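Shown next: my_file34.cif, containing mmCIF, C-alpha atoms; chains and numbers go by the auth columns.
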```cif
data_work
loop_
_atom_site.group_PDB
_atom_site.id
_atom_site.type_symbol
_atom_site.label_atom_id
_atom_site.label_comp_id
_atom_site.label_asym_id
_atom_site.label_seq_id
_atom_site.Cartn_x
_atom_site.Cartn_y
_atom_site.Cartn_z
_atom_site.B_iso_or_equiv
_atom_site.auth_seq_id
_atom_site.auth_asym_id
ATOM 1 C CA MET A 1 123.394 207.779 158.552 0.00 1 A
ATOM 2 C CA MET A 2 124.823 205.318 156.072 0.00 2 A
ATOM 3 C CA HIS A 3 124.601 201.535 156.482 0.00 3 A
ATOM 4 C CA LEU A 4 126.455 199.172 154.133 0.00 4 A
ATOM 5 C CA ILE A 5 125.033 195.649 153.922 0.00 5 A
ATOM 6 C CA THR A 6 126.934 192.855 152.231 0.00 6 A
ATOM 7 C CA GLY A 7 126.589 189.115 151.797 0.00 7 A
ATOM 8 C CA GLY A 8 126.696 186.359 149.244 0.00 8 A
ATOM 9 C CA SER A 9 123.999 185.593 146.722 0.00 9 A
ATOM 10 C CA GLY A 10 120.831 184.408 148.449 0.00 10 A
ATOM 11 C CA SER A 11 122.158 185.342 151.907 0.00 11 A
ATOM 12 C CA GLY A 12 119.100 187.381 152.906 0.00 12 A
ATOM 13 C CA LYS A 13 120.802 190.760 152.612 0.00 13 A
ATOM 14 C CA SER A 14 117.932 192.299 150.604 0.00 14 A
ATOM 15 C CA ALA A 15 115.311 191.362 153.188 0.00 15 A
ATOM 16 C CA TYR A 16 117.567 192.610 155.983 0.00 16 A
ATOM 17 C CA ALA A 17 118.162 195.908 154.165 0.00 17 A
ATOM 18 C CA GLU A 18 114.422 196.421 153.785 0.00 18 A
ATOM 19 C CA GLU A 19 113.941 195.682 157.503 0.00 19 A
ATOM 20 C CA GLN A 20 116.467 198.401 158.307 0.00 20 A
ATOM 21 C CA ILE A 21 114.569 200.986 156.250 0.00 21 A
ATOM 22 C CA LEU A 22 111.212 199.927 157.703 0.00 22 A
ATOM 23 C CA ALA A 23 112.589 200.217 161.247 0.00 23 A
ATOM 24 C CA MET A 24 113.328 203.907 160.619 0.00 24 A
ATOM 25 C CA GLN A 25 109.575 204.509 160.350 0.00 25 A
ATOM 26 C CA GLY A 26 110.040 207.476 158.032 0.00 26 A
ATOM 27 C CA ASP A 27 107.308 208.880 155.826 0.00 27 A
ATOM 28 C CA CYS A 28 109.294 208.666 152.596 0.00 28 A
ATOM 29 C CA ARG A 29 110.901 205.364 151.529 0.00 29 A
ATOM 30 C CA ILE A 30 112.837 205.278 148.282 0.00 30 A
ATOM 31 C CA TYR A 31 114.152 202.110 146.657 0.00 31 A
ATOM 32 C CA ILE A 32 116.836 202.746 144.033 0.00 32 A
ATOM 33 C CA ALA A 33 116.890 199.684 141.794 0.00 33 A
ATOM 34 C CA THR A 34 120.047 199.188 139.730 0.00 34 A
ATOM 35 C CA MET A 35 119.422 195.885 137.945 0.00 35 A
ATOM 36 C CA ASP A 36 119.140 196.527 134.224 0.00 36 A
ATOM 37 C CA PRO A 37 116.709 193.819 133.045 0.00 37 A
ATOM 38 C CA TYR A 38 118.685 192.274 130.219 0.00 38 A
ATOM 39 C CA ASP A 39 117.459 188.652 130.273 0.00 39 A
ATOM 40 C CA GLU A 40 114.715 186.389 131.608 0.00 40 A
ATOM 41 C CA GLU A 41 116.595 185.655 134.849 0.00 41 A
ATOM 42 C CA SER A 42 116.990 189.364 135.631 0.00 42 A
ATOM 43 C CA HIS A 43 113.260 189.903 134.997 0.00 43 A
ATOM 44 C CA ARG A 44 112.480 187.074 137.473 0.00 44 A
ATOM 45 C CA ARG A 45 114.787 188.552 140.114 0.00 45 A
ATOM 46 C CA ILE A 46 113.243 191.991 139.688 0.00 46 A
ATOM 47 C CA GLN A 47 109.749 190.532 140.081 0.00 47 A
ATOM 48 C CA ARG A 48 110.813 188.648 143.229 0.00 48 A
ATOM 49 C CA HIS A 49 112.205 191.846 144.756 0.00 49 A
ATOM 50 C CA ARG A 50 109.063 193.792 143.816 0.00 50 A
ATOM 51 C CA ARG A 51 106.957 191.147 145.589 0.00 51 A
ATOM 52 C CA MET A 52 109.202 191.503 148.649 0.00 52 A
ATOM 53 C CA ARG A 53 108.564 195.273 148.652 0.00 53 A
ATOM 54 C CA ALA A 54 104.821 195.060 148.034 0.00 54 A
ATOM 55 C CA GLU A 55 102.810 196.948 150.659 0.00 55 A
ATOM 56 C CA LYS A 56 105.950 198.444 152.256 0.00 56 A
ATOM 57 C CA ASN A 57 105.340 201.902 150.782 0.00 57 A
ATOM 58 C CA PHE A 58 108.543 202.199 148.778 0.00 58 A
ATOM 59 C CA THR A 59 108.742 204.522 145.809 0.00 59 A
ATOM 60 C CA THR A 60 111.011 202.823 143.271 0.00 60 A
ATOM 61 C CA ILE A 61 113.526 204.741 141.187 0.00 61 A
ATOM 62 C CA GLU A 62 115.119 202.718 138.392 0.00 62 A
ATOM 63 C CA CYS A 63 118.729 203.875 138.022 0.00 63 A
ATOM 64 C CA TYR A 64 121.080 201.708 135.998 0.00 64 A
ATOM 65 C CA ARG A 65 123.829 204.319 135.574 0.00 65 A
ATOM 66 C CA ASP A 66 124.574 207.959 136.374 0.00 66 A
ATOM 67 C CA LEU A 67 123.638 207.725 140.048 0.00 67 A
ATOM 68 C CA GLU A 68 124.652 211.342 140.631 0.00 68 A
ATOM 69 C CA THR A 69 121.592 212.488 138.641 0.00 69 A
ATOM 70 C CA VAL A 70 119.093 211.019 141.125 0.00 70 A
ATOM 71 C CA GLU A 71 117.110 213.647 142.998 0.00 71 A
ATOM 72 C CA LEU A 72 115.499 212.613 146.269 0.00 72 A
ATOM 73 C CA PRO A 73 112.742 214.135 148.365 0.00 73 A
ATOM 74 C CA GLU A 74 114.060 215.853 151.477 0.00 74 A
ATOM 75 C CA GLY A 75 114.448 213.526 154.465 0.00 75 A
ATOM 76 C CA ALA A 76 113.968 210.300 152.511 0.00 76 A
ATOM 77 C CA ASP A 77 115.043 206.908 153.804 0.00 77 A
ATOM 78 C CA VAL A 78 116.824 205.358 150.839 0.00 78 A
ATOM 79 C CA LEU A 79 117.701 201.769 149.978 0.00 79 A
ATOM 80 C CA LEU A 80 120.040 201.290 147.017 0.00 80 A
ATOM 81 C CA GLU A 81 120.231 197.761 145.634 0.00 81 A
ATOM 82 C CA CYS A 82 122.863 196.984 144.596 0.00 82 A
ATOM 83 C CA MET A 83 126.447 198.107 144.068 0.00 83 A
ATOM 84 C CA SER A 84 127.306 194.985 142.073 0.00 84 A
ATOM 85 C CA ASN A 85 124.707 195.688 139.390 0.00 85 A
ATOM 86 C CA LEU A 86 125.493 199.384 139.314 0.00 86 A
ATOM 87 C CA LEU A 87 129.198 198.677 138.807 0.00 87 A
ATOM 88 C CA ALA A 88 128.553 196.160 136.027 0.00 88 A
ATOM 89 C CA ASN A 89 126.258 198.658 134.296 0.00 89 A
ATOM 90 C CA GLU A 90 128.839 201.435 134.537 0.00 90 A
ATOM 91 C CA MET A 91 131.729 199.227 133.436 0.00 91 A
ATOM 92 C CA TYR A 92 130.131 197.298 130.592 0.00 92 A
ATOM 93 C CA SER A 93 127.213 199.323 129.202 0.00 93 A
ATOM 94 C CA GLU A 94 127.875 201.192 126.009 0.00 94 A
ATOM 95 C CA ASP A 95 127.063 204.515 127.678 0.00 95 A
ATOM 96 C CA GLY A 96 128.590 203.606 131.064 0.00 96 A
ATOM 97 C CA ALA A 97 131.485 205.299 132.826 0.00 97 A
ATOM 98 C CA LYS A 98 133.908 202.476 131.876 0.00 98 A
ATOM 99 C CA GLU A 99 137.312 203.079 133.535 0.00 99 A
ATOM 100 C CA ARG A 100 135.835 205.896 135.646 0.00 100 A
ATOM 101 C CA ALA A 101 133.133 203.637 137.096 0.00 101 A
ATOM 102 C CA VAL A 102 134.433 203.612 140.678 0.00 102 A
ATOM 103 C CA GLU A 103 134.778 207.394 140.815 0.00 103 A
ATOM 104 C CA GLU A 104 131.364 207.964 139.236 0.00 104 A
ATOM 105 C CA ILE A 105 129.621 205.561 141.609 0.00 105 A
ATOM 106 C CA LEU A 106 131.270 207.012 144.702 0.00 106 A
ATOM 107 C CA GLN A 107 130.383 210.519 143.548 0.00 107 A
ATOM 108 C CA GLY A 108 126.780 209.370 143.119 0.00 108 A
ATOM 109 C CA ILE A 109 126.721 207.828 146.598 0.00 109 A
ATOM 110 C CA HIS A 110 128.022 211.069 148.083 0.00 110 A
ATOM 111 C CA MET A 111 125.259 212.983 146.278 0.00 111 A
ATOM 112 C CA LEU A 112 122.669 210.599 147.742 0.00 112 A
ATOM 113 C CA GLN A 113 124.155 211.032 151.225 0.00 113 A
ATOM 114 C CA LYS A 114 123.678 214.782 151.003 0.00 114 A
ATOM 115 C CA GLN A 115 119.997 214.326 150.175 0.00 115 A
ATOM 116 C CA ALA A 116 118.901 211.326 152.261 0.00 116 A
ATOM 117 C CA ALA A 117 118.109 211.183 155.951 0.00 117 A
ATOM 118 C CA HIS A 118 119.223 207.535 155.954 0.00 118 A
ATOM 119 C CA LEU A 119 121.024 205.605 153.232 0.00 119 A
ATOM 120 C CA VAL A 120 121.185 201.809 153.186 0.00 120 A
ATOM 121 C CA LEU A 121 123.442 200.319 150.519 0.00 121 A
ATOM 122 C CA VAL A 122 123.449 196.677 149.440 0.00 122 A
ATOM 123 C CA THR A 123 126.525 195.112 147.888 0.00 123 A
ATOM 124 C CA ASN A 124 127.693 191.582 147.191 0.00 124 A
ATOM 125 C CA GLU A 125 130.536 189.606 148.651 0.00 125 A
ATOM 126 C CA VAL A 126 132.098 188.120 145.511 0.00 126 A
ATOM 127 C CA PHE A 127 135.634 187.488 146.668 0.00 127 A
ATOM 128 C CA SER A 128 135.654 184.217 148.599 0.00 128 A
ATOM 129 C CA ASP A 129 134.529 181.546 146.163 0.00 129 A
ATOM 130 C CA GLY A 130 138.079 180.503 145.284 0.00 130 A
ATOM 131 C CA ILE A 131 137.472 180.442 141.538 0.00 131 A
ATOM 132 C CA VAL A 132 140.063 181.874 139.160 0.00 132 A
ATOM 133 C CA TYR A 133 138.212 184.120 136.736 0.00 133 A
ATOM 134 C CA ASP A 134 139.033 185.668 133.380 0.00 134 A
ATOM 135 C CA PRO A 135 140.839 189.053 133.409 0.00 135 A
ATOM 136 C CA ASP A 136 137.631 191.083 132.824 0.00 136 A
ATOM 137 C CA THR A 137 135.916 189.488 135.816 0.00 137 A
ATOM 138 C CA ILE A 138 139.004 189.954 137.990 0.00 138 A
ATOM 139 C CA GLN A 139 139.023 193.645 137.028 0.00 139 A
ATOM 140 C CA TYR A 140 135.336 193.880 137.971 0.00 140 A
ATOM 141 C CA GLN A 141 136.039 192.239 141.350 0.00 141 A
ATOM 142 C CA LYS A 142 138.892 194.670 142.021 0.00 142 A
ATOM 143 C CA GLN A 143 136.670 197.637 141.210 0.00 143 A
ATOM 144 C CA LEU A 144 133.881 196.336 143.458 0.00 144 A
ATOM 145 C CA ALA A 145 136.438 195.817 146.225 0.00 145 A
ATOM 146 C CA LYS A 146 137.518 199.467 145.916 0.00 146 A
ATOM 147 C CA ILE A 147 133.933 200.665 146.167 0.00 147 A
ATOM 148 C CA ASN A 148 133.173 198.372 149.114 0.00 148 A
ATOM 149 C CA GLN A 149 136.312 199.456 150.990 0.00 149 A
ATOM 150 C CA VAL A 150 135.556 203.163 150.601 0.00 150 A
ATOM 151 C CA LEU A 151 131.910 202.733 151.557 0.00 151 A
ATOM 152 C CA ALA A 152 132.746 200.536 154.557 0.00 152 A
ATOM 153 C CA ALA A 153 135.211 203.146 155.820 0.00 153 A
ATOM 154 C CA GLU A 154 132.645 205.940 155.403 0.00 154 A
ATOM 155 C CA ALA A 155 129.600 204.021 156.661 0.00 155 A
ATOM 156 C CA ASP A 156 128.217 204.422 160.155 0.00 156 A
ATOM 157 C CA GLU A 157 127.336 200.724 160.161 0.00 157 A
ATOM 158 C CA VAL A 158 128.489 197.699 158.151 0.00 158 A
ATOM 159 C CA THR A 159 126.666 194.376 158.332 0.00 159 A
ATOM 160 C CA GLU A 160 127.335 191.079 156.590 0.00 160 A
ATOM 161 C CA VAL A 161 124.342 188.794 156.247 0.00 161 A
ATOM 162 C CA ILE A 162 125.232 185.101 156.395 0.00 162 A
ATOM 163 C CA TYR A 163 122.467 182.500 155.960 0.00 163 A
ATOM 164 C CA GLY A 164 119.927 185.151 156.917 0.00 164 A
ATOM 165 C CA ILE A 165 121.814 186.104 160.075 0.00 165 A
ATOM 166 C CA PRO A 166 123.106 189.698 160.286 0.00 166 A
ATOM 167 C CA TRP A 167 126.663 189.969 161.580 0.00 167 A
ATOM 168 C CA LYS A 168 127.672 193.515 162.606 0.00 168 A
ATOM 169 C CA LEU A 169 131.127 194.339 161.306 0.00 169 A
ATOM 170 C CA LYS A 170 130.938 198.010 162.244 0.00 170 A
ATOM 171 C CA ALA A 171 128.394 199.363 164.699 0.00 171 A
ATOM 172 C CA LYS A 172 127.029 202.870 164.977 0.00 172 A
ATOM 173 C CA LYS A 173 128.821 204.809 167.694 0.00 173 A
ATOM 174 C CA GLU A 174 126.698 205.936 170.594 0.00 174 A
ATOM 175 C CA GLU A 175 126.553 209.648 171.432 0.00 175 A
ATOM 176 C CA GLY A 176 129.112 210.566 174.118 0.00 176 A
ATOM 177 C CA VAL A 177 130.960 207.253 173.817 0.00 177 A
#
```

Since I need it in another form, could you write the structure as C-alpha cells?
Amino acid sequence: MMHLITGGSGSGKSAYAEEQILAMQGDCRIYIATMDPYDEESHRRIQRHRRMRAEKNFTTIECYRDLETVELPEGADVLLECMSNLLANEMYSEDGAKERAVEEILQGIHMLQKQAAHLVLVTNEVFSDGIVYDPDTIQYQKQLAKINQVLAAEADEVTEVIYGIPWKLKAKKEEGV
C-alpha cells in the first residue's frame, strides 16, 4: 500500500503522515529522512521532527540521495519525508543525479515499494503561491510536479492536508467494489 500525502508548508502533513504509520500498528517503523542539514534553519526543523517522532518507535534512516540503495527490513511500515528535499538534493548537490533526478527518485520509490509493507510519502504543494520564480526554481517545480503526478497515479491513497485537516483526493478501493 502506498499513500501520498501533500500540503503546504506548516499544513500538518508530517503529523498526519506519522498518524497513518502509527495506525498500521506494525512492529517495524522506518522513517526515511531526506533533509540534508545545510544551515541552522534545517537543523532546527530536523530537531522539531525528531521531537515529534520521540517515543513512536521509528528507526530513522538518513538518506539525502540515492534512494534506491536503501535496504529495509521485511514488512516494514515506511514514512519517507520528503520528496521536496530529496529532489533538491538530487538536482543541486555536487554528487546528485542532476538532470536524471526524477528518474532516479522514482526508481528509488519503486525499490522501497518492493520492500515495504506500507509506504507513506510526504511531498509539498509548491505550485499555488502565484509567485514568478527564477528559471532554476521553475525547473525544480516542474520536476517536483512530474514526481507528484506519477506517485499520485500509482498511489493507493492521496491526501492533501490543509490547516491540519486531511482531505482525501484518492481513497483506497475496497475489496470487491

(request) Could you check which of A:Glu157, A:Asn85, A:Asn57, A:Gln107 is closest to Thr123 in chain A, using all atoms listed in the file? (result)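 The closest residue to Thr123 in chain A is A:Asn85.
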
(request) Given the file shown, enumerate the residues that the PyMOL selection byres ((chain A and resi 158) around 9) captures and present them as a list in words. (result)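 Taken on the displayed file, the PyMOL selection byres ((chain A and resi 158) around 9) yields the residues Met2, His3, Leu4, Ile5, Thr6, Leu151, Ala152, Ala153, Ala155, Asp156, Glu157, Thr159, Glu160, Trp167, Lys168, Leu169, Lys170, Ala171 and Lys172 of chain A.
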
(request) May I ask for the distance between CA of Glu62 in chain A and CA of Gln139 in chain A, given in Å to one decimal place? (result)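 Interatomic distance here is 25.6 Å.
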
Would you kindly return, as a PDB file with C-alpha atoms, in the coordinates of the input, each protein, DNA or RNA residue with an atom no farther than 12 Å from any atom of range 20-31 of chain A, considering all atoms listed in the file and excluding same-chain residues fewer than 6 positions away?
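Written out: around27.pdb:
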```pdb
ATOM      1  CA  MET A   1     123.394 207.779 158.552  1.00  0.00           C
ATOM      2  CA  MET A   2     124.823 205.318 156.072  1.00  0.00           C
ATOM      3  CA  HIS A   3     124.601 201.535 156.482  1.00  0.00           C
ATOM      4  CA  LEU A   4     126.455 199.172 154.133  1.00  0.00           C
ATOM      5  CA  ILE A   5     125.033 195.649 153.922  1.00  0.00           C
ATOM      6  CA  LYS A  13     120.802 190.760 152.612  1.00  0.00           C
ATOM      7  CA  SER A  14     117.932 192.299 150.604  1.00  0.00           C
ATOM      8  CA  HIS A  49     112.205 191.846 144.756  1.00  0.00           C
ATOM      9  CA  ARG A  50     109.063 193.792 143.816  1.00  0.00           C
ATOM     10  CA  MET A  52     109.202 191.503 148.649  1.00  0.00           C
ATOM     11  CA  ARG A  53     108.564 195.273 148.652  1.00  0.00           C
ATOM     12  CA  ALA A  54     104.821 195.060 148.034  1.00  0.00           C
ATOM     13  CA  GLU A  55     102.810 196.948 150.659  1.00  0.00           C
ATOM     14  CA  LYS A  56     105.950 198.444 152.256  1.00  0.00           C
ATOM     15  CA  ASN A  57     105.340 201.902 150.782  1.00  0.00           C
ATOM     16  CA  PHE A  58     108.543 202.199 148.778  1.00  0.00           C
ATOM     17  CA  THR A  59     108.742 204.522 145.809  1.00  0.00           C
ATOM     18  CA  THR A  60     111.011 202.823 143.271  1.00  0.00           C
ATOM     19  CA  ILE A  61     113.526 204.741 141.187  1.00  0.00           C
ATOM     20  CA  GLU A  62     115.119 202.718 138.392  1.00  0.00           C
ATOM     21  CA  CYS A  63     118.729 203.875 138.022  1.00  0.00           C
ATOM     22  CA  VAL A  70     119.093 211.019 141.125  1.00  0.00           C
ATOM     23  CA  GLU A  71     117.110 213.647 142.998  1.00  0.00           C
ATOM     24  CA  LEU A  72     115.499 212.613 146.269  1.00  0.00           C
ATOM     25  CA  PRO A  73     112.742 214.135 148.365  1.00  0.00           C
ATOM     26  CA  GLU A  74     114.060 215.853 151.477  1.00  0.00           C
ATOM     27  CA  GLY A  75     114.448 213.526 154.465  1.00  0.00           C
ATOM     28  CA  ALA A  76     113.968 210.300 152.511  1.00  0.00           C
ATOM     29  CA  ASP A  77     115.043 206.908 153.804  1.00  0.00           C
ATOM     30  CA  VAL A  78     116.824 205.358 150.839  1.00  0.00           C
ATOM     31  CA  LEU A  79     117.701 201.769 149.978  1.00  0.00           C
ATOM     32  CA  LEU A  80     120.040 201.290 147.017  1.00  0.00           C
ATOM     33  CA  GLU A  81     120.231 197.761 145.634  1.00  0.00           C
ATOM     34  CA  CYS A  82     122.863 196.984 144.596  1.00  0.00           C
ATOM     35  CA  LEU A 112     122.669 210.599 147.742  1.00  0.00           C
ATOM     36  CA  GLN A 115     119.997 214.326 150.175  1.00  0.00           C
ATOM     37  CA  ALA A 116     118.901 211.326 152.261  1.00  0.00           C
ATOM     38  CA  ALA A 117     118.109 211.183 155.951  1.00  0.00           C
ATOM     39  CA  HIS A 118     119.223 207.535 155.954  1.00  0.00           C
ATOM     40  CA  LEU A 119     121.024 205.605 153.232  1.00  0.00           C
ATOM     41  CA  VAL A 120     121.185 201.809 153.186  1.00  0.00           C
ATOM     42  CA  LEU A 121     123.442 200.319 150.519  1.00  0.00           C
ATOM     43  CA  VAL A 122     123.449 196.677 149.440  1.00  0.00           C
ATOM     44  CA  GLU A 157     127.336 200.724 160.161  1.00  0.00           C
ATOM     45  CA  THR A 159     126.666 194.376 158.332  1.00  0.00           C
ATOM     46  CA  PRO A 166     123.106 189.698 160.286  1.00  0.00           C
TER      47      PRO A 166
END
```

(message) Would you compute the distance between CA of Glu40 in chain A and CA of Ile131 in chain A? Give it in Å to one decimal.
(response) 25.5 Å

How big is the axis-aligned box around all listed atoms of range 45-53 of chain A once 5 Å goes on each side, and where's its centre, in Å to one decimal, as JSON?
```
{"center_x": 110.9, "center_y": 191.9, "center_z": 144.2, "size_x": 17.8, "size_y": 16.7, "size_z": 19.0}
```

(request) For each of A:Glu68, A:Gln113, A:Arg48, A:Leu86, take the minimum atom-to-atom distance to Thr34 in chain A, counting all atoms listed in the file, then give the residue where this is smallest. (result)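 Smallest separation from Thr34 in chain A among the options: A:Leu86.
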